[in-house]
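Source file: structure-v3.txt. Holds: compact mmCIF, C-alpha atoms.
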# COMPACT_ATOMS: atom_id res chain seq x y z
CA MET R 1 191.47 155.31 -37.89
CA GLY R 2 189.04 158.19 -38.17
CA PHE R 3 191.33 160.28 -36.03
CA PHE R 4 194.22 159.87 -38.45
CA LYS R 5 191.97 160.39 -41.40
CA ASN R 6 190.93 163.70 -39.88
CA LEU R 7 194.51 164.63 -39.18
CA PHE R 8 196.04 163.66 -42.46
CA GLY R 9 193.39 162.79 -44.98
CA GLY R 10 190.47 165.14 -44.50
CA GLY R 11 190.44 167.29 -47.61
CA GLU R 12 188.49 170.30 -46.47
CA GLU R 13 189.94 170.45 -42.97
CA ALA R 14 192.94 172.51 -42.01
CA LYS R 15 196.17 170.62 -42.59
CA ALA R 16 197.84 169.33 -39.47
CA PRO R 17 201.14 171.05 -38.73
CA ALA R 18 204.16 169.17 -40.04
CA LEU R 19 205.63 166.75 -37.55
CA ASN R 20 209.35 166.25 -37.11
CA VAL R 21 210.43 162.64 -37.22
CA LEU R 22 213.09 160.72 -35.33
CA GLY R 23 214.34 157.38 -36.62
CA ALA R 24 215.30 154.40 -34.51
CA PRO R 25 218.88 154.84 -33.26
CA VAL R 26 219.39 151.07 -33.01
CA ALA R 27 218.08 147.87 -34.59
CA GLY R 28 215.80 145.86 -32.34
CA GLU R 29 212.43 146.17 -30.72
CA ALA R 30 210.96 149.58 -29.86
CA VAL R 31 208.89 149.51 -26.68
CA ALA R 32 207.03 152.01 -24.50
CA ILE R 33 209.31 153.98 -22.19
CA SER R 34 207.21 152.72 -19.25
CA GLU R 35 208.83 149.29 -19.81
CA VAL R 36 212.15 150.70 -18.59
CA SER R 37 212.63 149.54 -15.01
CA ASP R 38 214.71 152.58 -14.02
CA PRO R 39 212.13 155.14 -12.80
CA THR R 40 214.26 158.05 -14.03
CA PHE R 41 213.35 156.89 -17.53
CA GLY R 42 210.20 154.84 -16.94
CA GLN R 43 208.43 157.67 -15.12
CA GLU R 44 209.57 160.20 -17.75
CA ILE R 45 211.64 162.30 -15.33
CA LEU R 46 214.08 162.91 -18.18
CA GLY R 47 211.28 163.42 -20.71
CA LYS R 48 208.96 161.46 -22.96
CA GLY R 49 210.41 159.00 -25.41
CA VAL R 50 210.73 155.41 -26.50
CA ALA R 51 213.04 152.57 -25.53
CA PHE R 52 214.74 149.82 -27.51
CA ARG R 53 215.81 146.28 -26.83
CA PRO R 54 218.82 146.35 -29.17
CA SER R 55 219.60 143.42 -31.45
CA GLU R 56 222.83 145.00 -32.68
CA GLY R 57 225.36 147.13 -30.80
CA LYS R 58 225.37 150.25 -32.93
CA VAL R 59 223.81 153.63 -32.17
CA PHE R 60 223.04 155.80 -35.19
CA ALA R 61 221.90 159.42 -35.32
CA PRO R 62 218.07 159.51 -35.32
CA CYS R 63 218.02 162.74 -37.36
CA ASP R 64 220.33 165.50 -38.58
CA ALA R 65 221.77 167.03 -35.42
CA SER R 66 224.80 168.30 -33.59
CA VAL R 67 226.41 166.28 -30.82
CA ASP R 68 225.78 168.22 -27.63
CA LEU R 69 227.55 165.88 -25.25
CA MET R 70 229.16 162.54 -25.94
CA PHE R 71 229.70 161.11 -22.46
CA ASP R 72 233.36 160.12 -22.27
CA THR R 73 232.20 156.70 -21.07
CA GLY R 74 230.36 156.23 -24.39
CA HIS R 75 227.24 154.96 -22.61
CA ALA R 76 225.09 157.94 -23.55
CA VAL R 77 224.95 160.83 -25.96
CA SER R 78 222.87 163.97 -26.11
CA LEU R 79 222.03 165.55 -29.46
CA LEU R 80 220.53 168.85 -30.50
CA ALA R 81 218.37 168.11 -33.54
CA ASP R 82 218.51 170.62 -36.38
CA PHE R 83 214.75 171.12 -35.81
CA GLY R 84 215.35 171.93 -32.13
CA ALA R 85 214.64 168.77 -30.16
CA GLU R 86 217.02 167.91 -27.33
CA ILE R 87 217.58 164.15 -27.50
CA LEU R 88 219.24 161.83 -25.01
CA ILE R 89 220.12 158.28 -26.06
CA HIS R 90 221.21 156.16 -23.11
CA VAL R 91 222.59 152.68 -23.81
CA GLY R 92 221.56 150.34 -21.01
CA LEU R 93 220.78 151.12 -17.39
CA ASP R 94 223.45 152.08 -14.83
CA THR R 95 226.03 151.54 -17.60
CA VAL R 96 227.83 154.70 -16.45
CA ASN R 97 229.45 152.26 -14.00
CA LEU R 98 231.16 150.37 -16.85
CA LYS R 99 233.42 153.45 -17.21
CA GLY R 100 233.62 153.08 -20.96
CA GLN R 101 234.24 149.34 -21.09
CA HIS R 102 232.38 147.66 -24.00
CA PHE R 103 231.68 151.05 -25.63
CA THR R 104 233.45 152.66 -28.59
CA VAL R 105 232.76 156.31 -29.35
CA HIS R 106 232.47 157.39 -33.01
CA ALA R 107 231.41 161.03 -32.66
CA HIS R 108 232.52 163.92 -30.51
CA ASN R 109 231.13 167.04 -28.87
CA GLY R 110 230.14 169.62 -31.44
CA ASP R 111 230.17 167.24 -34.42
CA LYS R 112 227.46 167.84 -37.03
CA VAL R 113 225.90 164.48 -37.84
CA LYS R 114 223.41 163.29 -40.43
CA LYS R 115 220.60 160.84 -39.78
CA GLY R 116 222.14 157.36 -39.88
CA ASP R 117 225.68 158.37 -38.92
CA LEU R 118 227.30 155.94 -36.48
CA LEU R 119 227.68 157.49 -33.00
CA ILE R 120 228.52 154.64 -30.62
CA GLU R 121 229.34 150.95 -30.90
CA PHE R 122 228.67 148.71 -27.93
CA ASP R 123 229.00 145.03 -27.14
CA VAL R 124 225.45 143.91 -26.33
CA ALA R 125 226.46 140.44 -25.13
CA ALA R 126 229.32 141.64 -22.94
CA ILE R 127 227.20 144.36 -21.30
CA ALA R 128 224.43 141.85 -20.61
CA ALA R 129 226.99 139.33 -19.32
CA ALA R 130 228.32 141.99 -16.91
CA GLY R 131 224.83 142.07 -15.38
CA TYR R 132 223.40 145.20 -16.98
CA ASP R 133 220.02 145.66 -18.64
CA VAL R 134 220.85 146.78 -22.20
CA ILE R 135 217.49 148.47 -22.79
CA THR R 136 218.25 151.74 -24.54
CA PRO R 137 215.91 154.70 -23.96
CA MET R 138 215.78 157.67 -26.31
CA VAL R 139 214.10 160.63 -24.61
CA ILE R 140 213.23 164.19 -25.51
CA CYS R 141 214.77 166.39 -22.81
CA ASN R 142 212.73 169.44 -23.91
CA THR R 143 209.45 167.54 -23.87
CA PRO R 144 207.48 170.61 -22.65
CA ASP R 145 208.27 172.32 -25.99
CA TYR R 146 206.15 169.76 -27.85
CA ALA R 147 202.36 169.48 -27.78
CA THR R 148 202.43 166.23 -29.73
CA ILE R 149 204.78 163.29 -29.29
CA ASN R 150 203.67 160.17 -31.17
CA ILE R 151 205.44 156.90 -30.45
CA HIS R 152 205.74 153.91 -32.77
CA THR R 153 206.73 150.56 -31.31
CA GLY R 154 207.60 147.15 -32.74
CA HIS R 155 210.57 145.70 -34.60
CA VAL R 156 212.71 148.41 -36.13
CA ALA R 157 215.74 148.81 -38.33
CA PRO R 158 217.95 151.85 -37.72
CA GLY R 159 216.24 154.94 -39.16
CA ASP R 160 212.69 153.57 -39.05
CA MET R 161 210.28 156.21 -37.72
CA VAL R 162 209.78 155.82 -33.97
CA LEU R 163 208.88 159.32 -32.75
CA GLU R 164 206.94 162.19 -34.31
CA LEU R 165 207.17 165.57 -32.62
CA GLY R 166 204.84 168.51 -33.16
CA LYS R 167 204.78 171.92 -31.48
CA MET Y 1 220.26 186.10 -4.52
CA LYS Y 2 221.37 183.05 -2.61
CA SER Y 3 224.24 180.76 -3.49
CA PHE Y 4 226.14 177.81 -2.11
CA THR Y 5 228.74 175.32 -3.29
CA HIS Y 6 228.73 171.56 -3.45
CA VAL Y 7 231.59 169.21 -4.27
CA ILE Y 8 230.42 166.21 -6.30
CA ALA Y 9 230.86 163.01 -4.33
CA ASP Y 10 229.26 160.55 -6.79
CA PRO Y 11 232.10 158.56 -8.43
CA ALA Y 12 230.15 158.62 -11.71
CA GLY Y 13 229.89 162.43 -11.66
CA LEU Y 14 226.89 164.40 -12.82
CA HIS Y 15 225.57 161.77 -15.23
CA ALA Y 16 222.11 161.42 -16.77
CA ARG Y 17 220.10 160.24 -13.79
CA PRO Y 18 221.25 162.83 -11.22
CA ALA Y 19 221.10 165.51 -13.91
CA GLY Y 20 217.47 164.61 -14.63
CA MET Y 21 216.56 164.50 -10.95
CA LEU Y 22 218.30 167.83 -10.38
CA ALA Y 23 216.40 169.48 -13.24
CA LYS Y 24 213.14 168.08 -11.88
CA GLU Y 25 213.93 169.48 -8.43
CA ALA Y 26 214.89 172.88 -9.87
CA VAL Y 27 211.74 173.17 -12.01
CA GLY Y 28 209.75 173.05 -8.79
CA TYR Y 29 210.95 176.55 -7.84
CA LYS Y 30 210.05 179.90 -9.34
CA SER Y 31 213.55 181.31 -8.89
CA ASP Y 32 216.13 181.40 -11.66
CA ILE Y 33 218.69 178.76 -10.74
CA THR Y 34 222.11 178.51 -12.32
CA LEU Y 35 224.84 175.95 -11.89
CA ALA Y 36 228.45 176.93 -12.35
CA ALA Y 37 231.08 174.23 -12.80
CA PRO Y 38 234.62 174.20 -14.21
CA GLY Y 39 233.04 173.32 -17.58
CA GLY Y 40 230.77 176.36 -17.74
CA THR Y 41 227.40 177.45 -16.43
CA ALA Y 42 223.94 175.98 -16.94
CA ASP Y 43 220.30 176.73 -16.28
CA ALA Y 44 219.52 174.13 -13.60
CA LYS Y 45 216.05 173.63 -15.07
CA ARG Y 46 217.40 172.38 -18.41
CA LEU Y 47 218.61 168.79 -18.42
CA MET Y 48 220.73 169.06 -21.57
CA ALA Y 49 222.51 172.13 -20.22
CA ILE Y 50 223.28 170.36 -16.94
CA MET Y 51 224.68 167.32 -18.73
CA ARG Y 52 226.81 169.56 -20.94
CA LEU Y 53 228.76 170.64 -17.84
CA ALA Y 54 230.20 167.10 -17.80
CA ALA Y 55 230.92 167.64 -14.12
CA LYS Y 56 232.98 164.91 -12.46
CA GLN Y 57 233.56 163.64 -8.95
CA GLY Y 58 235.58 166.16 -6.94
CA MET Y 59 234.50 169.17 -8.99
CA GLU Y 60 232.85 172.06 -7.22
CA LEU Y 61 229.41 173.24 -8.31
CA THR Y 62 228.22 176.71 -7.40
CA VAL Y 63 224.44 176.93 -7.27
CA THR Y 64 222.87 180.38 -7.44
CA CYS Y 65 219.17 180.95 -6.85
CA SER Y 66 217.52 184.25 -7.60
CA GLY Y 67 213.83 185.03 -7.20
CA GLU Y 68 210.92 185.15 -4.81
CA ASP Y 69 211.51 181.66 -3.39
CA GLU Y 70 215.33 181.76 -3.49
CA ASP Y 71 215.74 180.75 0.15
CA ALA Y 72 213.57 177.66 -0.27
CA ALA Y 73 215.20 176.86 -3.62
CA ALA Y 74 218.72 177.05 -2.21
CA ALA Y 75 217.77 174.96 0.82
CA GLY Y 76 215.96 172.38 -1.31
CA LEU Y 77 218.75 172.05 -3.85
CA GLU Y 78 221.44 171.87 -1.19
CA LYS Y 79 219.56 169.02 0.47
CA PHE Y 80 219.06 167.33 -2.90
CA LEU Y 81 222.74 167.56 -3.83
CA LYS Y 82 223.92 166.27 -0.45
CA GLU Y 83 221.62 163.27 -0.71
CA ASN Y 84 222.10 162.45 -4.38
CA LEU Y 85 225.40 163.74 -5.68
Before anything else, please render the file you have as structure tokens.
Amino acid sequence: MGFFKNLFGGGEEAKAPALNVLGAPVAGEAVAISEVSDPTFGQEILGKGVAFRPSEGKVFAPCDASVDLMFDTGHAVSLLADFGAEILIHVGLDTVNLKGQHFTVHAHNGDKVKKGDLLIEFDVAAIAAAGYDVITPMVICNTPDYATINIHTGHVAPGDMVLELGK
Amino acid sequence: MKSFTHVIADPAGLHARPAGMLAKEAVGYKSDITLAAPGGTADAKRLMAIMRLAAKQGMELTVTCSGEDEDAAAAGLEKFLKENL
């Protein structure tokens, strides 16, 4: 813990720059992005991030943001955080092929949203029953803009801190 | 400057995975690369911008490459789009 003590607790040392925080967009278990079997996510082609095994079919805004693109299929949404991060939340793998089935959209392109606002509802059981992996990655599309991306895993409620971003 | 067009064949359109792969391919070139679609234009190196085009099957993309490696960029992206989108 010495590292964190130096970063956050060391009195005489320069203060670490403030980190921007993203909350969990879903309830469930946060896991390393490398656990996502789809290499587009697992190998960080879309950016660094964290993934969730959702226990409830609701996607909430992870921070104050504007909706950049709500896919009309409801299976994914991209957000531009007020602090500048470009965030993609993708519910399940290959779920574009469901063509909107089992998804209900609650926000639209250009909407200003607050952390915790409901964006998408989805039927976890029905998507799994249709043969899709419901693992839900949240990735930072402008990863190169951040020198520091800290990831927190484990059981989470919506809004619990899962990513910290620092320039 | 070098440009070409590609009509999207993927029934799912330009969704997250092909957009990410396209951005990764584009970042490999020094040239400025822009994508023009009916929904607007995007820097092909920026994933969010590509996704914002919301380009669907049957839509025509115009890819324009401008810079020292524009010939290689155009050839590489044309090959990529034919194989993946």
Practice problem: Skip Leu35 in chain Y itself and residues of its chain fewer than 3 positions away, then list as an MDAnalysis selection string all residues within 12 Å of it, counting only C-alpha atoms. | Solution: chainID Y and resid 3:6 14 19 22:23 26 32 38:47 49:55 60:66 74 77:78 81
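Taking only C-alpha atoms into account, those protein, DNA and RNA residues with any atom at most 7 Å away from (209.2, 160.5, -33.4) amount to Asn20, Val21, Leu22, Gly23, Ile149, Asn150, Ile151, Met161, Val162, Leu163, Glu164 and Leu165 of chain R.
Using all atoms listed in the file for every distance, the candidate list Y:Met21, Y:Val27, Y:Ala75, Y:Ala37 yields Y:Met21 as the residue closest to chain R.
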Exercise. Go through Y:Glu68, Y:Ile8, Y:Met48, Y:Ser31 and flag the residue nearest chain R, using all atoms listed in the file for the distances.
Key: Y:Met48
Quiz item: In terms of the shortest atom-to-atom distance over only C-alpha atoms, which of R:Gly74, R:Gly57, R:Gly84, R:Gly131 is closest to Ala107 in chain R?
Solution: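 Of R:Gly74, R:Gly57, R:Gly84, R:Gly131, the one nearest Ala107 in chain R is R:Gly74, counting only C-alpha atoms.
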Quiz item: Once you count only C-alpha atoms, which residues of chain R turn out to be within 7 Å of chain Y? Could you give them as a list in words?
Solution: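 On the chain R side, the interface is Thr40, Ile45, Leu46, Asp68, Leu69, Glu86, Val96, Asn97 and Cys141 of chain R.
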Self-check item: Separation of CA of Gly42 in chain R from CA of Lys56 in chain Y in Å
Solution: 25.3 Å
Quiz prompt | Separation of CA of Ala81 in chain R from CA of Val134 in chain R in Å | solution = 24.3 Å
Self-check item: Distance of CA of Leu88 in chain R from CA of Ala157 in chain R, expressed in Å to one decimal place
Solution: 19.0 Å
Atoms added to range 45-71 of chain Y (N, CA and C atoms), reported as a compact mmCIF listing (two decimals), in the coordinates of the input:
# COMPACT_ATOMS: atom_id res chain seq x y z
N LYS Y 45 217.34 174.20 -14.68
CA LYS Y 45 216.05 173.63 -15.07
C LYS Y 45 216.12 172.93 -16.42
N ARG Y 46 217.27 172.99 -17.08
CA ARG Y 46 217.40 172.38 -18.41
C ARG Y 46 218.39 171.22 -18.37
N LEU Y 47 217.84 170.02 -18.53
CA LEU Y 47 218.61 168.79 -18.42
C LEU Y 47 219.83 168.77 -19.34
N MET Y 48 219.62 169.13 -20.61
CA MET Y 48 220.73 169.06 -21.57
C MET Y 48 221.87 169.98 -21.15
N ALA Y 49 221.49 171.16 -20.64
CA ALA Y 49 222.51 172.13 -20.22
C ALA Y 49 223.29 171.58 -19.03
N ILE Y 50 222.60 170.93 -18.11
CA ILE Y 50 223.28 170.36 -16.94
C ILE Y 50 224.27 169.27 -17.38
N MET Y 51 223.80 168.40 -18.28
CA MET Y 51 224.68 167.32 -18.73
C MET Y 51 225.90 167.87 -19.44
N ARG Y 52 225.72 168.99 -20.16
CA ARG Y 52 226.81 169.56 -20.94
C ARG Y 52 227.97 170.01 -20.04
N LEU Y 53 227.69 170.26 -18.77
CA LEU Y 53 228.76 170.64 -17.84
C LEU Y 53 229.78 169.52 -17.68
N ALA Y 54 229.33 168.28 -17.93
CA ALA Y 54 230.20 167.10 -17.80
C ALA Y 54 230.97 167.15 -16.48
N ALA Y 55 230.27 167.47 -15.42
CA ALA Y 55 230.92 167.64 -14.12
C ALA Y 55 231.25 166.28 -13.49
N LYS Y 56 232.46 166.18 -13.00
CA LYS Y 56 232.98 164.91 -12.46
C LYS Y 56 233.09 164.94 -10.93
N GLN Y 57 233.31 163.76 -10.39
CA GLN Y 57 233.56 163.64 -8.95
C GLN Y 57 234.71 164.56 -8.55
N GLY Y 58 234.54 165.27 -7.44
CA GLY Y 58 235.58 166.16 -6.94
C GLY Y 58 235.47 167.59 -7.44
N MET Y 59 234.68 167.79 -8.49
CA MET Y 59 234.50 169.17 -8.99
C MET Y 59 233.50 169.92 -8.11
N GLU Y 60 233.73 171.23 -8.03
CA GLU Y 60 232.85 172.06 -7.22
C GLU Y 60 231.78 172.71 -8.09
N LEU Y 61 230.53 172.56 -7.67
CA LEU Y 61 229.41 173.24 -8.31
C LEU Y 61 229.03 174.43 -7.46
N THR Y 62 228.78 175.56 -8.11
CA THR Y 62 228.22 176.71 -7.40
C THR Y 62 226.79 176.89 -7.89
N VAL Y 63 225.86 176.83 -6.94
CA VAL Y 63 224.44 176.93 -7.27
C VAL Y 63 223.96 178.32 -6.83
N THR Y 64 223.36 179.04 -7.75
CA THR Y 64 222.87 180.38 -7.44
C THR Y 64 221.38 180.45 -7.74
N CYS Y 65 220.62 180.86 -6.72
CA CYS Y 65 219.17 180.95 -6.85
C CYS Y 65 218.77 182.42 -6.71
N SER Y 66 217.91 182.86 -7.61
CA SER Y 66 217.52 184.25 -7.60
C SER Y 66 216.04 184.38 -7.94
N GLY Y 67 215.26 184.90 -6.97
CA GLY Y 67 213.83 185.03 -7.20
C GLY Y 67 213.06 185.00 -5.90
N GLU Y 68 211.75 185.00 -6.01
CA GLU Y 68 210.92 185.15 -4.81
C GLU Y 68 211.06 184.00 -3.81
N ASP Y 69 211.37 182.79 -4.33
CA ASP Y 69 211.51 181.66 -3.39
C ASP Y 69 212.97 181.19 -3.31
N GLU Y 70 213.91 182.15 -3.42
CA GLU Y 70 215.33 181.76 -3.49
C GLU Y 70 215.82 181.06 -2.22
N ASP Y 71 215.29 181.43 -1.07
CA ASP Y 71 215.74 180.75 0.15
C ASP Y 71 215.32 179.29 0.14
